[in-house]
file input-v9.pdb (PDB, C-alpha atoms)
ATOM      1  CA  MET A   9      -1.200  12.847   9.679  1.00  0.00           C
ATOM      2  CA  VAL A  10      -1.232  15.554   7.048  1.00  0.00           C
ATOM      3  CA  ARG A  11      -4.210  15.089   4.748  1.00  0.00           C
ATOM      4  CA  ILE A  12      -4.719  17.128   1.616  1.00  0.00           C
ATOM      5  CA  GLU A  13      -8.269  17.423   0.284  1.00  0.00           C
ATOM      6  CA  VAL A  14      -8.352  16.967  -3.508  1.00  0.00           C
ATOM      7  CA  LYS A  15     -11.475  17.621  -5.560  1.00  0.00           C
ATOM      8  CA  LYS A  16     -11.861  17.457  -9.321  1.00  0.00           C
ATOM      9  CA  LYS A  17     -14.775  19.010 -11.193  1.00  0.00           C
ATOM     10  CA  THR A  18     -16.266  15.591 -11.974  1.00  0.00           C
ATOM     11  CA  TRP A  19     -16.065  14.269  -8.365  1.00  0.00           C
ATOM     12  CA  ARG A  20     -19.011  14.719  -6.043  1.00  0.00           C
ATOM     13  CA  LYS A  21     -16.895  14.545  -2.893  1.00  0.00           C
ATOM     14  CA  PRO A  22     -13.273  15.505  -2.249  1.00  0.00           C
ATOM     15  CA  ARG A  23     -10.687  12.729  -1.742  1.00  0.00           C
ATOM     16  CA  SER A  24      -7.999  12.684   0.931  1.00  0.00           C
ATOM     17  CA  ALA A  25      -4.406  12.502  -0.234  1.00  0.00           C
ATOM     18  CA  LEU A  26      -1.157  12.216   1.689  1.00  0.00           C
ATOM     19  CA  PRO A  27       2.130  13.969   0.842  1.00  0.00           C
ATOM     20  CA  THR A  28       4.471  11.742  -1.178  1.00  0.00           C
ATOM     21  CA  PHE A  29       8.194  12.122  -1.710  1.00  0.00           C
ATOM     22  CA  ILE A  30      10.240  10.502  -4.473  1.00  0.00           C
ATOM     23  CA  ALA A  31      13.790   9.644  -3.474  1.00  0.00           C
ATOM     24  CA  LYS A  32      16.651   7.340  -4.445  1.00  0.00           C
ATOM     25  CA  VAL A  33      18.252   5.023  -1.888  1.00  0.00           C
ATOM     26  CA  ALA A  34      21.995   5.531  -1.390  1.00  0.00           C
ATOM     27  CA  GLU A  35      24.465   3.262   0.397  1.00  0.00           C
ATOM     28  CA  HIS A  36      25.655   4.400   3.819  1.00  0.00           C
ATOM     29  CA  GLY A  37      27.872   1.742   5.441  1.00  0.00           C
ATOM     30  CA  ASN A  38      25.647  -1.234   6.318  1.00  0.00           C
ATOM     31  CA  SER A  39      22.442   0.758   5.889  1.00  0.00           C
ATOM     32  CA  ALA A  40      20.869   3.153   3.399  1.00  0.00           C
ATOM     33  CA  ASN A  41      19.887   6.801   3.155  1.00  0.00           C
ATOM     34  CA  ILE A  42      17.442   8.428   0.786  1.00  0.00           C
ATOM     35  CA  GLU A  43      18.380  11.273  -1.519  1.00  0.00           C
ATOM     36  CA  PRO A  44      17.058  13.974  -1.619  1.00  0.00           C
ATOM     37  CA  LYS A  45      16.573  14.248   2.123  1.00  0.00           C
ATOM     38  CA  LEU A  46      13.094  14.743   3.553  1.00  0.00           C
ATOM     39  CA  PRO A  47      12.219  18.231   4.833  1.00  0.00           C
ATOM     40  CA  LYS A  48      13.229  18.792   8.485  1.00  0.00           C
ATOM     41  CA  GLU A  49       9.601  19.125   9.607  1.00  0.00           C
ATOM     42  CA  TYR A  50       9.292  15.353   9.045  1.00  0.00           C
ATOM     43  CA  ILE A  51      11.978  14.507  11.635  1.00  0.00           C
ATOM     44  CA  GLY A  52      10.422  12.198  14.210  1.00  0.00           C
ATOM     45  CA  LYS A  53       7.389  11.430  12.037  1.00  0.00           C
ATOM     46  CA  THR A  54       6.412   7.928  10.969  1.00  0.00           C
ATOM     47  CA  VAL A  55       6.831   7.582   7.215  1.00  0.00           C
ATOM     48  CA  LEU A  56       5.938   4.937   4.671  1.00  0.00           C
ATOM     49  CA  ILE A  57       8.456   4.136   1.963  1.00  0.00           C
ATOM     50  CA  THR A  58       7.144   2.224  -1.038  1.00  0.00           C
ATOM     51  CA  VAL A  59       9.514   0.508  -3.464  1.00  0.00           C
ATOM     52  CA  ILE A  60       8.159   1.325  -6.917  1.00  0.00           C
ATOM     53  CA  GLU A  61      10.903  -0.243  -9.003  1.00  0.00           C
ATOM     54  CA  GLU A  62      10.641  -3.916  -9.874  1.00  0.00           C
ATOM     55  CA  ASP A  63      12.486  -6.176  -7.401  1.00  0.00           C
ATOM     56  CA  GLU A  64      12.517  -9.811  -8.531  1.00  0.00           C
ATOM     57  CA  GLU A  65      14.189 -11.119  -5.351  1.00  0.00           C
ATOM     58  CA  LEU A  66      11.611  -9.465  -3.088  1.00  0.00           C
ATOM     59  CA  THR A  67       8.771 -10.776  -5.260  1.00  0.00           C
ATOM     60  CA  LYS A  68      10.148 -14.350  -5.075  1.00  0.00           C
ATOM     61  CA  GLN A  69      10.570 -14.098  -1.279  1.00  0.00           C
ATOM     62  CA  LEU A  70       7.027 -12.778  -0.749  1.00  0.00           C
ATOM     63  CA  LEU A  71       5.537 -15.482  -2.983  1.00  0.00           C
ATOM     64  CA  LYS A  72       7.525 -18.163  -1.134  1.00  0.00           C
ATOM     65  CA  GLU A  73       6.177 -16.931   2.235  1.00  0.00           C
ATOM     66  CA  VAL A  74       2.572 -17.047   0.970  1.00  0.00           C
ATOM     67  CA  GLU A  75       2.835 -20.692  -0.142  1.00  0.00           C
TER
END

call {"tool": "encode", "arguments": {"input": "input-v9.pdb", "output": "structure tokens"}}
result
Amino acid sequence: MVRIEVKKKTWRKPRSALPTFIAKVAEHGNSANIEPKLPKEYIGKTVLITVIEEDEELTKQLLKEVE
């Protein structure tokens, strides 16, 4: 895991941050690709993709599963 130490003047201790990439999902047959592509040094690495745009269907499904 690549951790970046971030420290502001007002913080007593540095915080750990992880690299984040912003990409758009594009259709590719029955699956999806992200654009722009990740740098090649991330090939074979485990990544976390977070959907940051509102998705009403996903929200309804998650709430239904919790009930």

call {"tool": "axis_aligned_box", "arguments": {"input": "input-v9.pdb", "around": "segment 25-30 of chain A", "padding_each_side": "8 Å", "output": "lines of an AutoDock Vina configuration file"}}
result
center_x = 2.9
center_y = 12.2
center_z = -1.4
size_x = 30.6
size_y = 19.5
size_z = 22.2

call {"tool": "atom_distance", "arguments": {"input": "input-v9.pdb", "atom1": "atom CA of Ser24 of chain A", "atom2": "atom CA of Glu49 of chain A"}}
result
20.7 Å

call {"tool": "residues_around", "arguments": {"input": "input-v9.pdb", "residues": "Arg23 of chain A", "least_positions_apart": "4", "cutoff": "7 Å", "atoms": "only C-alpha atoms", "output": "MDAnalysis selection string"}}
result
chainID A and resid 13:15

call {"tool": "residues_around", "arguments": {"input": "input-v9.pdb", "residues": "segment 25-37 of chain A", "least_positions_apart": "6", "cutoff": "6 Å", "atoms": "only C-alpha atoms", "output": "list in words"}}
result
Arg11, Ile12, Glu43 and Pro44 of chain A

call {"tool": "atom_distance", "arguments": {"input": "input-v9.pdb", "atom1": "atom CA of Leu56 of chain A", "atom2": "atom CA of Asn41 of chain A"}}
result
14.2 Å

call {"tool": "atom_distance", "arguments": {"input": "input-v9.pdb", "atom1": "atom CA of Ser39 of chain A", "atom2": "atom CA of Glu73 of chain A"}}
result
24.3 Å
